[in-house]
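The file final_28.txt comes next; it holds compact mmCIF, C-alpha atoms.
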```txt
# COMPACT_ATOMS: atom_id res chain seq x y z
CA MET A 112 0.00 0.00 0.00
CA GLU A 113 2.86 2.42 0.70
CA ASN A 114 4.18 1.95 -2.82
CA ILE A 115 0.82 2.99 -4.25
CA THR A 116 0.77 6.02 -1.98
CA GLN A 117 4.18 7.17 -3.07
CA ALA A 118 3.44 6.67 -6.74
CA ILE A 119 0.58 9.16 -6.94
CA THR A 120 2.48 12.21 -5.74
CA LEU A 121 3.64 13.69 -9.01
CA VAL A 122 0.69 15.08 -11.00
CA PRO A 123 -0.10 18.72 -10.12
CA ILE A 124 -3.69 19.50 -9.15
CA ASN A 125 -3.71 22.21 -11.85
CA HIS A 126 -3.50 19.54 -14.51
CA TYR A 127 -6.52 17.78 -13.09
CA ILE A 128 -8.44 21.07 -13.15
CA LEU A 129 -7.34 21.76 -16.73
CA PHE A 130 -8.28 18.26 -17.91
CA SER A 131 -11.73 18.41 -16.28
CA THR A 132 -12.31 21.87 -17.76
CA ILE A 133 -11.52 20.64 -21.27
CA ILE A 134 -13.90 17.67 -20.96
CA PHE A 135 -16.60 19.96 -19.55
CA ILE A 136 -16.19 22.41 -22.45
CA ILE A 137 -16.44 19.57 -24.97
CA GLY A 138 -19.73 18.63 -23.31
CA ILE A 139 -20.97 22.23 -23.56
CA ILE A 140 -20.06 22.40 -27.24
CA GLY A 141 -21.87 19.12 -27.84
CA VAL A 142 -25.03 20.43 -26.20
CA LEU A 143 -24.88 23.67 -28.19
CA THR A 144 -24.12 22.26 -31.63
CA ARG A 145 -25.99 18.98 -31.99
CA ARG A 146 -29.69 18.47 -32.68
CA ASN A 147 -29.96 14.76 -31.91
CA ALA A 148 -31.46 14.52 -28.41
CA ILE A 149 -29.49 11.38 -27.55
CA ILE A 150 -26.16 13.03 -28.39
CA VAL A 151 -27.18 16.00 -26.23
CA PHE A 152 -27.80 13.54 -23.40
CA MET A 153 -24.38 11.98 -23.89
CA SER A 154 -22.77 15.42 -23.75
CA ILE A 155 -24.50 16.00 -20.41
CA GLU A 156 -23.03 12.70 -19.20
CA LEU A 157 -19.58 13.96 -20.26
CA MET A 158 -20.04 17.12 -18.18
CA LEU A 159 -21.17 15.12 -15.14
CA ASN A 160 -18.12 12.88 -15.47
CA ALA A 161 -15.75 15.84 -15.66
CA VAL A 162 -17.18 17.14 -12.39
CA ASN A 163 -16.92 13.68 -10.83
CA LEU A 164 -13.25 13.38 -11.69
CA LEU A 165 -12.49 16.80 -10.27
CA LEU A 166 -14.31 15.95 -7.04
CA ALA A 167 -12.32 12.73 -6.71
CA ALA A 168 -9.05 14.59 -7.40
CA PHE A 169 -9.81 17.21 -4.75
CA SER A 170 -10.85 14.45 -2.36
CA ALA A 171 -7.43 12.84 -2.73
CA TYR A 172 -5.70 16.24 -2.61
CA ARG A 173 -7.35 17.33 0.63
CA GLY A 174 -7.42 13.88 2.25
CA ASP A 175 -11.18 14.10 2.78
CA ALA A 176 -13.46 11.22 1.86
CA SER A 177 -16.55 13.42 1.45
CA GLY A 178 -15.64 14.21 -2.17
CA GLN A 179 -15.89 10.58 -3.18
CA ILE A 180 -19.26 10.29 -1.42
CA PHE A 181 -20.42 13.25 -3.53
CA VAL A 182 -19.24 11.39 -6.65
CA PHE A 183 -21.38 8.48 -5.52
CA PHE A 184 -24.44 10.70 -5.16
CA ILE A 185 -23.84 12.38 -8.54
CA MET A 186 -23.74 8.94 -10.16
CA ALA A 187 -27.08 8.08 -8.51
CA VAL A 188 -28.67 11.30 -9.76
CA ALA A 189 -27.22 10.73 -13.25
CA ALA A 190 -28.70 7.24 -13.41
CA ALA A 191 -32.15 8.51 -12.43
CA GLU A 192 -31.87 11.40 -14.90
CA VAL A 193 -30.93 9.10 -17.78
CA ALA A 194 -33.82 6.73 -17.04
CA VAL A 195 -36.40 9.52 -17.06
CA GLY A 196 -34.78 11.35 -19.98
CA LEU A 197 -34.64 8.32 -22.23
CA ALA A 198 -38.28 7.58 -21.39
CA ILE A 199 -39.14 11.12 -22.50
CA ILE A 200 -37.14 10.63 -25.72
CA VAL A 201 -38.94 7.35 -26.48
CA MET A 202 -42.30 9.01 -25.86
CA THR A 203 -41.37 11.97 -28.09
CA TYR A 204 -40.26 9.64 -30.86
CA ARG A 205 -43.48 7.68 -30.61
CA ASN A 206 -45.59 10.82 -30.91
CA THR A 207 -43.63 12.84 -33.49
CA ASN A 208 -41.42 10.24 -35.25
CA SER A 209 -38.36 12.41 -34.62
CA ILE A 210 -35.93 13.15 -31.82
CA ASP A 211 -34.87 16.50 -33.18
CA ILE A 212 -34.68 18.88 -30.23
CA ASN A 213 -35.87 21.79 -32.39
CA PHE A 214 -39.07 19.84 -32.91
CA LEU A 215 -39.79 20.16 -29.22
CA ASN A 216 -40.35 23.92 -29.37
CA LYS A 217 -44.01 23.11 -29.92
CA LEU A 218 -44.13 22.48 -26.15
CA LYS A 219 -44.58 26.21 -25.62
CA ASN A 220 -48.01 26.33 -27.23
CA MET K 5 8.73 11.47 -16.05
CA THR K 6 7.58 8.57 -13.93
CA ILE K 7 5.14 5.88 -14.98
CA THR K 8 2.31 7.52 -13.02
CA GLN K 9 2.72 10.81 -14.83
CA SER K 10 2.91 9.17 -18.23
CA LEU K 11 -0.19 7.11 -17.41
CA PHE K 12 -2.04 10.27 -16.36
CA TYR K 13 -1.20 12.13 -19.56
CA PHE K 14 -1.92 9.10 -21.74
CA LEU K 15 -5.35 8.59 -20.12
CA ALA K 16 -6.10 12.31 -20.36
CA PHE K 17 -5.25 12.25 -24.07
CA VAL K 18 -7.45 9.20 -24.67
CA ALA K 19 -10.35 10.75 -22.75
CA ILE K 20 -10.16 14.11 -24.56
CA PHE K 21 -9.78 12.48 -27.99
CA CYS K 22 -12.70 10.10 -27.49
CA SER K 23 -14.98 12.75 -26.01
CA LEU K 24 -14.26 14.94 -29.05
CA LEU K 25 -15.26 12.00 -31.23
CA VAL K 26 -18.46 11.57 -29.17
CA VAL K 27 -19.49 15.08 -30.16
CA LEU K 28 -18.26 14.88 -33.75
CA ALA K 29 -19.35 11.37 -34.80
CA LYS K 30 -22.17 11.18 -37.31
CA ASN K 31 -23.55 7.81 -36.23
CA PRO K 32 -25.11 7.74 -32.72
CA VAL K 33 -23.93 4.16 -32.13
CA HIS K 34 -20.32 5.25 -32.71
CA SER K 35 -20.87 8.08 -30.23
CA VAL K 36 -22.00 5.59 -27.60
CA LEU K 37 -18.96 3.37 -28.20
CA TYR K 38 -16.56 6.34 -27.94
CA LEU K 39 -18.32 7.39 -24.75
CA ILE K 40 -17.71 3.94 -23.27
CA ILE K 41 -13.97 4.30 -24.05
CA THR K 42 -14.05 7.70 -22.35
CA PHE K 43 -15.61 6.15 -19.25
CA PHE K 44 -12.91 3.49 -19.12
CA ALA K 45 -10.28 6.22 -19.29
CA PHE K 46 -12.01 7.97 -16.39
CA THR K 47 -11.93 4.71 -14.43
CA GLY K 48 -8.18 4.61 -15.03
CA HIS K 49 -7.94 8.12 -13.57
CA TYR K 50 -9.89 7.06 -10.49
CA ILE K 51 -7.58 4.10 -9.95
CA LEU K 52 -4.55 6.40 -10.31
CA LEU K 53 -6.10 8.53 -7.55
CA ASN K 54 -6.40 5.34 -5.43
CA ALA K 55 -10.20 5.66 -5.44
CA GLN K 56 -10.85 2.05 -6.37
CA PHE K 57 -14.45 1.97 -5.16
CA VAL K 58 -15.47 4.97 -7.26
CA GLY K 59 -13.64 3.49 -10.25
CA ILE K 60 -15.44 0.17 -10.05
CA VAL K 61 -18.80 1.87 -9.49
CA ASN K 62 -18.03 4.05 -12.52
CA ILE K 63 -17.58 0.95 -14.69
CA ILE K 64 -20.66 -0.80 -13.31
CA VAL K 65 -23.05 2.15 -13.36
CA TYR K 66 -21.89 4.17 -16.38
CA ALA K 67 -20.30 1.71 -18.79
CA GLY K 68 -22.56 -1.10 -17.64
CA ALA K 69 -26.01 0.25 -16.99
CA ILE K 70 -26.34 3.72 -18.52
CA MET K 71 -24.58 2.97 -21.80
CA VAL K 72 -26.60 -0.22 -22.29
CA LEU K 73 -29.72 1.88 -21.77
CA PHE K 74 -28.50 4.33 -24.45
CA LEU K 75 -27.73 1.50 -26.87
CA PHE K 76 -31.12 -0.07 -26.27
CA VAL K 77 -32.92 3.19 -26.99
CA ILE K 78 -30.87 3.81 -30.15
CA MET K 79 -31.59 0.33 -31.46
CA LEU K 80 -35.24 0.53 -30.42
CA LEU K 81 -35.77 3.78 -32.32
CA ASN K 82 -33.75 2.55 -35.33
CA PHE K 83 -31.72 5.62 -36.22
CA ASN K 84 -29.65 5.81 -39.31
CA GLU K 85 -26.90 8.19 -40.22
CA GLY K 86 -29.00 10.31 -42.51
CA THR K 87 -31.90 10.90 -40.16
CA GLU K 88 -30.37 13.75 -38.19
CA THR K 89 -30.91 17.21 -39.52
CA HIS K 90 -28.03 19.52 -38.76
CA LYS K 91 -28.04 22.95 -37.28
CA PRO K 92 -26.99 25.75 -39.62
CA ASN K 93 -23.27 26.37 -39.79
CA LEU K 94 -23.64 29.76 -38.13
CA VAL K 95 -25.19 28.16 -35.03
CA LYS K 96 -22.47 25.51 -34.91
CA PHE K 97 -19.79 28.17 -35.23
CA ALA K 98 -21.40 30.27 -32.49
CA GLY K 99 -21.60 27.24 -30.19
CA ALA K 100 -17.94 26.39 -30.72
CA ILE K 101 -16.93 30.03 -30.14
CA THR K 102 -18.97 30.17 -26.93
CA GLY K 103 -17.36 26.98 -25.61
CA GLY K 104 -13.92 28.24 -26.56
CA LEU K 105 -14.51 31.53 -24.75
CA VAL K 106 -15.59 29.71 -21.57
CA LEU K 107 -12.44 27.60 -21.84
CA VAL K 108 -10.26 30.70 -22.27
CA VAL K 109 -11.82 32.39 -19.23
CA LEU K 110 -11.45 29.32 -17.01
CA VAL K 111 -7.86 28.65 -18.08
CA ALA K 112 -6.93 32.31 -17.63
CA SER K 113 -8.34 32.30 -14.10
CA LEU K 114 -6.45 29.07 -13.46
CA GLN K 115 -3.20 30.70 -14.62
CA THR K 116 -3.48 33.40 -11.97
CA LEU K 117 -3.20 30.77 -9.24
CA GLN K 118 0.10 30.00 -7.66
CA GLN K 119 2.24 27.11 -8.81
CA SER K 120 0.12 24.21 -7.65
CA ASN K 121 1.16 21.40 -5.37
CA PRO K 122 1.08 17.86 -6.66
CA VAL K 123 -1.74 15.59 -5.55
CA LYS K 124 -0.35 13.78 -2.53
CA LEU K 125 -2.29 11.10 -0.73
CA ASN K 126 -1.89 11.74 2.97
CA ASN K 127 -4.25 8.93 3.85
CA ALA K 128 -3.85 6.06 1.38
CA ASP K 129 -6.94 4.03 2.27
CA ILE K 130 -9.34 6.93 1.83
CA GLY K 131 -10.92 5.49 -1.30
CA LEU K 132 -11.33 1.94 -0.06
CA VAL K 133 -14.72 0.45 0.62
CA LYS K 134 -14.25 0.23 4.40
CA ASN K 135 -13.47 3.91 4.87
CA LEU K 136 -16.07 5.13 2.36
CA GLY K 137 -18.75 2.98 3.97
CA LYS K 138 -18.00 4.45 7.37
CA VAL K 139 -18.33 7.99 6.06
CA LEU K 140 -21.41 7.20 3.96
CA PHE K 141 -23.37 5.56 6.75
CA ASN K 142 -22.41 8.03 9.46
CA GLU K 143 -22.26 11.56 8.04
CA PHE K 144 -24.30 11.03 4.86
CA LEU K 145 -26.98 8.67 6.08
CA LEU K 146 -29.91 11.02 5.39
CA PRO K 147 -28.87 11.83 1.78
CA PHE K 148 -28.35 8.11 1.22
CA GLU K 149 -31.94 7.43 2.21
CA VAL K 150 -33.22 10.35 0.14
CA VAL K 151 -31.48 8.86 -2.91
CA SER K 152 -33.63 5.77 -2.54
CA ILE K 153 -36.75 7.94 -2.73
CA LEU K 154 -35.26 9.63 -5.81
CA PHE K 155 -34.77 6.24 -7.45
CA LEU K 156 -38.31 5.19 -6.62
CA SER K 157 -39.76 8.34 -8.16
CA ALA K 158 -37.48 8.02 -11.22
CA MET K 159 -38.61 4.42 -11.69
CA VAL K 160 -42.29 5.35 -11.46
CA GLY K 161 -41.77 8.32 -13.78
CA ALA K 162 -39.91 6.29 -16.40
CA VAL K 163 -42.57 3.57 -16.45
CA LEU K 164 -45.35 6.14 -16.61
CA LEU K 165 -43.69 8.11 -19.45
CA ALA K 166 -42.70 5.17 -21.63
CA ARG K 167 -46.07 3.42 -21.34
CA LYS K 168 -48.17 3.27 -24.48
CA GLU K 169 -51.22 5.47 -24.31
CA ASN K 170 -54.54 3.75 -24.88
CA ASN K 171 -56.50 6.31 -26.81
```

Please express the file's structure as structure tokens.
Amino acid sequence: MENITQAITLVPINHYILFSTIIFIIGIIGVLTRRNAIIVFMSIELMLNAVNLLLAAFSAYRGDASGQIFVFFIMAVAAAEVAVGLAIIVMTYRNTNSIDINFLNKLKN
Amino acid sequence: MTITQSLFYFLAFVAIFCSLLVVLAKNPVHSVLYLIITFFAFTGHYILLNAQFVGIVNIIVYAGAIMVLFLFVIMLLNFNEGTETHKPNLVKFAGAITGGLVLVVLVASLQTLQQSNPVKLNNADIGLVKNLGKVLFNEFLLPFEVVSILFLSAMVGAVLLARKENN
């Protein structure tokens, strides 16, 4: 166990922040530029994962286990969100024969 | 450069490359497969941080359950490559510019920080199941129970939404 502990000491926390930021931005760009509702959902998953990784990195950095518990809760919320969201997508497809998100602007009427 | 550092940068490169392909791929099934590779790279990061429990849960929940759900929905709805209509190029360009500007702002604010310390594990067994279970069932017992209610409501909602209407 001591060998593992010593091996992890060399990556700066800044690089973890930078990496998570890049993944998060890729998720934002995916949400903004795609029209397929499933790809938009996958981009949201990417953003959630970026936040998860940063929480785990800070948890190891500060020596506090609460960060990893938060990761656990975020995964639970993401699973519930995906189940409900995919049900909505299936229902939309059944009613309109399309999963184009621009098609959904008829909700406002 | 030690093996840990090279592993970190290799996994970061794989994750960024595959998440770019998730956004750029034309076929939704390819996007799902690239997303699974991204999740495996994230699991590698968790194991490098000595957070084995989170890493294993990441594989089981994300790559196992959520991605199978995505694949099922894609195959159920029978998408092909040509079915997606694309946003106009101006909107795509504006979206990319917006994301790039957010990236520039965040990186610039990161640059004003001091030279950062490396991630050092003071307490090596922090990510193991024994320690996490103690924290989860002592300090976070109430949120843990609330999550079960969230799952129940999500289950009811999903069944109710996906049911075929009889009219």

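Take the candidates K:Phe76, K:Tyr66, K:Phe46, K:Phe144 and check each one against Phe130 (chain A) using all atoms listed in the file; the shortest distance goes to K:Phe46.
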
Exercise. Near chain K, which residues of chain A fall within 7 Å when you count all atoms listed in the file, and what do they look like as a VMD selection string?
Worked result: chain A and resid 116 118 to 125 130 134 136 to 137 139 to 141 143 to 147 150 168 171 to 172 174 176 179 to 180 190 to 191 194 to 195 198 to 199 201 to 202

Exercise. Using all atoms listed in the file, what residues lie at most 10 Å away from (-26.3, 13.2, -22.1) (file coordinates), given as a PyMOL selection string?
Worked result: (chain A and resi 138+141-142+148-159+189+192-193+196-197) or (chain K and resi 74)

Exercise. Using only C-alpha atoms, which of the listed residues (A:Ser177, A:Asn213, A:Ser131, A:Thr207) sits closest to Leu165 (chain A)?
Worked result: A:Ser131

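Of the listed residues (K:Val150, K:Cys22, K:Leu145, K:Ile60), K:Ile60 comes nearest to Val133 (chain K); the distances count all atoms listed in the file.
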
Problem set entry | Atomic separation - CA of Leu75 (chain K) relative to CA of Gln56 (chain K), Å |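 Value for the CA of Gln56 (chain K)-CA of Leu75 (chain K) distance: 26.6 Å.
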
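Coordinates place CA of Ile153 (chain K) at a distance of 25.7 Å from CA of Leu164 (chain A).
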
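If you measure from each of K:Asn82, K:Val18, K:Ile64, K:Ser113 to Tyr204 (chain A) using all atoms listed in the file, the closest one turns out to be K:Asn82.
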
Exercise. Do you have the CA of Met79 (chain K)-CA of Met186 (chain A) distance handy?
Worked result: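 Calculated distance between CA of Met79 (chain K) and CA of Met186 (chain A) is 24.3 Å.
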
Exercise. Looking at all atoms listed in the file, which of K:Ala112, K:Lys134, K:Ile63, K:Leu146 is the one that sits closest to Ile51 (chain K)?
Worked result: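 Closest candidate: K:Ile63.
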
Return region 122-155 of chain A, completed with N, CA and C atoms, as a PDB file, in the coordinates of the input.
```
ATOM      1  N   VAL A 122       1.493  14.307 -10.051  1.00  0.00           N
ATOM      2  CA  VAL A 122       0.690  15.080 -11.000  1.00  0.00           C
ATOM      3  C   VAL A 122       0.152  16.318 -10.268  1.00  0.00           C
ATOM      4  N   PRO A 123       0.408  17.525 -10.799  1.00  0.00           N
ATOM      5  CA  PRO A 123      -0.100  18.720 -10.120  1.00  0.00           C
ATOM      6  C   PRO A 123      -1.621  18.792 -10.183  1.00  0.00           C
ATOM      7  N   ILE A 124      -2.226  19.402  -9.182  1.00  0.00           N
ATOM      8  CA  ILE A 124      -3.690  19.500  -9.150  1.00  0.00           C
ATOM      9  C   ILE A 124      -4.183  20.390 -10.286  1.00  0.00           C
ATOM     10  N   ASN A 125      -3.328  21.345 -10.730  1.00  0.00           N
ATOM     11  CA  ASN A 125      -3.710  22.210 -11.850  1.00  0.00           C
ATOM     12  C   ASN A 125      -4.013  21.395 -13.103  1.00  0.00           C
ATOM     13  N   HIS A 126      -3.270  20.315 -13.301  1.00  0.00           N
ATOM     14  CA  HIS A 126      -3.500  19.540 -14.510  1.00  0.00           C
ATOM     15  C   HIS A 126      -4.824  18.802 -14.451  1.00  0.00           C
ATOM     16  N   TYR A 127      -5.199  18.379 -13.232  1.00  0.00           N
ATOM     17  CA  TYR A 127      -6.520  17.780 -13.090  1.00  0.00           C
ATOM     18  C   TYR A 127      -7.609  18.807 -13.402  1.00  0.00           C
ATOM     19  N   ILE A 128      -7.426  20.045 -12.900  1.00  0.00           N
ATOM     20  CA  ILE A 128      -8.440  21.070 -13.150  1.00  0.00           C
ATOM     21  C   ILE A 128      -8.527  21.367 -14.650  1.00  0.00           C
ATOM     22  N   LEU A 129      -7.363  21.460 -15.297  1.00  0.00           N
ATOM     23  CA  LEU A 129      -7.340  21.760 -16.730  1.00  0.00           C
ATOM     24  C   LEU A 129      -8.024  20.649 -17.532  1.00  0.00           C
ATOM     25  N   PHE A 130      -7.708  19.409 -17.195  1.00  0.00           N
ATOM     26  CA  PHE A 130      -8.280  18.260 -17.910  1.00  0.00           C
ATOM     27  C   PHE A 130      -9.804  18.238 -17.739  1.00  0.00           C
ATOM     28  N   SER A 131     -10.282  18.428 -16.499  1.00  0.00           N
ATOM     29  CA  SER A 131     -11.730  18.410 -16.280  1.00  0.00           C
ATOM     30  C   SER A 131     -12.405  19.560 -17.011  1.00  0.00           C
ATOM     31  N   THR A 132     -11.734  20.733 -17.044  1.00  0.00           N
ATOM     32  CA  THR A 132     -12.310  21.870 -17.760  1.00  0.00           C
ATOM     33  C   THR A 132     -12.472  21.563 -19.231  1.00  0.00           C
ATOM     34  N   ILE A 133     -11.446  20.926 -19.833  1.00  0.00           N
ATOM     35  CA  ILE A 133     -11.520  20.640 -21.270  1.00  0.00           C
ATOM     36  C   ILE A 133     -12.673  19.673 -21.553  1.00  0.00           C
ATOM     37  N   ILE A 134     -12.803  18.624 -20.728  1.00  0.00           N
ATOM     38  CA  ILE A 134     -13.900  17.670 -20.960  1.00  0.00           C
ATOM     39  C   ILE A 134     -15.248  18.368 -20.795  1.00  0.00           C
ATOM     40  N   PHE A 135     -15.338  19.241 -19.777  1.00  0.00           N
ATOM     41  CA  PHE A 135     -16.600  19.960 -19.550  1.00  0.00           C
ATOM     42  C   PHE A 135     -16.951  20.836 -20.743  1.00  0.00           C
ATOM     43  N   ILE A 136     -15.937  21.526 -21.308  1.00  0.00           N
ATOM     44  CA  ILE A 136     -16.190  22.410 -22.450  1.00  0.00           C
ATOM     45  C   ILE A 136     -16.614  21.591 -23.670  1.00  0.00           C
ATOM     46  N   ILE A 137     -16.016  20.409 -23.844  1.00  0.00           N
ATOM     47  CA  ILE A 137     -16.440  19.570 -24.970  1.00  0.00           C
ATOM     48  C   ILE A 137     -17.907  19.193 -24.806  1.00  0.00           C
ATOM     49  N   GLY A 138     -18.316  18.915 -23.543  1.00  0.00           N
ATOM     50  CA  GLY A 138     -19.730  18.630 -23.310  1.00  0.00           C
ATOM     51  C   GLY A 138     -20.619  19.810 -23.638  1.00  0.00           C
ATOM     52  N   ILE A 139     -20.180  21.030 -23.254  1.00  0.00           N
ATOM     53  CA  ILE A 139     -20.970  22.230 -23.560  1.00  0.00           C
ATOM     54  C   ILE A 139     -21.121  22.403 -25.066  1.00  0.00           C
ATOM     55  N   ILE A 140     -20.003  22.219 -25.793  1.00  0.00           N
ATOM     56  CA  ILE A 140     -20.060  22.400 -27.240  1.00  0.00           C
ATOM     57  C   ILE A 140     -20.992  21.367 -27.874  1.00  0.00           C
ATOM     58  N   GLY A 141     -20.961  20.132 -27.326  1.00  0.00           N
ATOM     59  CA  GLY A 141     -21.870  19.120 -27.840  1.00  0.00           C
ATOM     60  C   GLY A 141     -23.320  19.488 -27.638  1.00  0.00           C
ATOM     61  N   VAL A 142     -23.646  20.039 -26.450  1.00  0.00           N
ATOM     62  CA  VAL A 142     -25.030  20.430 -26.200  1.00  0.00           C
ATOM     63  C   VAL A 142     -25.443  21.563 -27.137  1.00  0.00           C
ATOM     64  N   LEU A 143     -24.510  22.494 -27.398  1.00  0.00           N
ATOM     65  CA  LEU A 143     -24.880  23.670 -28.190  1.00  0.00           C
ATOM     66  C   LEU A 143     -24.967  23.380 -29.672  1.00  0.00           C
ATOM     67  N   THR A 144     -24.209  22.378 -30.178  1.00  0.00           N
ATOM     68  CA  THR A 144     -24.120  22.260 -31.630  1.00  0.00           C
ATOM     69  C   THR A 144     -24.875  21.086 -32.219  1.00  0.00           C
ATOM     70  N   ARG A 145     -25.311  20.135 -31.408  1.00  0.00           N
ATOM     71  CA  ARG A 145     -25.990  18.980 -31.990  1.00  0.00           C
ATOM     72  C   ARG A 145     -27.493  19.099 -31.843  1.00  0.00           C
ATOM     73  N   ARG A 146     -28.221  18.434 -32.758  1.00  0.00           N
ATOM     74  CA  ARG A 146     -29.690  18.470 -32.680  1.00  0.00           C
ATOM     75  C   ARG A 146     -30.292  17.130 -32.300  1.00  0.00           C
ATOM     76  N   ASN A 147     -29.473  16.086 -32.314  1.00  0.00           N
ATOM     77  CA  ASN A 147     -29.960  14.760 -31.910  1.00  0.00           C
ATOM     78  C   ASN A 147     -30.058  14.720 -30.381  1.00  0.00           C
ATOM     79  N   ALA A 148     -31.248  14.426 -29.864  1.00  0.00           N
ATOM     80  CA  ALA A 148     -31.460  14.520 -28.410  1.00  0.00           C
ATOM     81  C   ALA A 148     -30.587  13.524 -27.652  1.00  0.00           C
ATOM     82  N   ILE A 149     -30.304  12.371 -28.254  1.00  0.00           N
ATOM     83  CA  ILE A 149     -29.490  11.380 -27.550  1.00  0.00           C
ATOM     84  C   ILE A 149     -28.052  11.853 -27.418  1.00  0.00           C
ATOM     85  N   ILE A 150     -27.528  12.514 -28.476  1.00  0.00           N
ATOM     86  CA  ILE A 150     -26.160  13.030 -28.390  1.00  0.00           C
ATOM     87  C   ILE A 150     -26.089  14.149 -27.352  1.00  0.00           C
ATOM     88  N   VAL A 151     -27.149  14.953 -27.260  1.00  0.00           N
ATOM     89  CA  VAL A 151     -27.180  16.000 -26.230  1.00  0.00           C
ATOM     90  C   VAL A 151     -27.117  15.358 -24.845  1.00  0.00           C
ATOM     91  N   PHE A 152     -27.849  14.255 -24.676  1.00  0.00           N
ATOM     92  CA  PHE A 152     -27.800  13.540 -23.400  1.00  0.00           C
ATOM     93  C   PHE A 152     -26.403  13.032 -23.092  1.00  0.00           C
ATOM     94  N   MET A 153     -25.735  12.496 -24.121  1.00  0.00           N
ATOM     95  CA  MET A 153     -24.380  11.980 -23.890  1.00  0.00           C
ATOM     96  C   MET A 153     -23.419  13.104 -23.533  1.00  0.00           C
ATOM     97  N   SER A 154     -23.634  14.293 -24.115  1.00  0.00           N
ATOM     98  CA  SER A 154     -22.770  15.420 -23.750  1.00  0.00           C
ATOM     99  C   SER A 154     -22.986  15.806 -22.292  1.00  0.00           C
ATOM    100  N   ILE A 155     -24.239  15.710 -21.822  1.00  0.00           N
ATOM    101  CA  ILE A 155     -24.500  16.000 -20.410  1.00  0.00           C
ATOM    102  C   ILE A 155     -23.785  14.982 -19.523  1.00  0.00           C
TER     103      ILE A 155
END
```
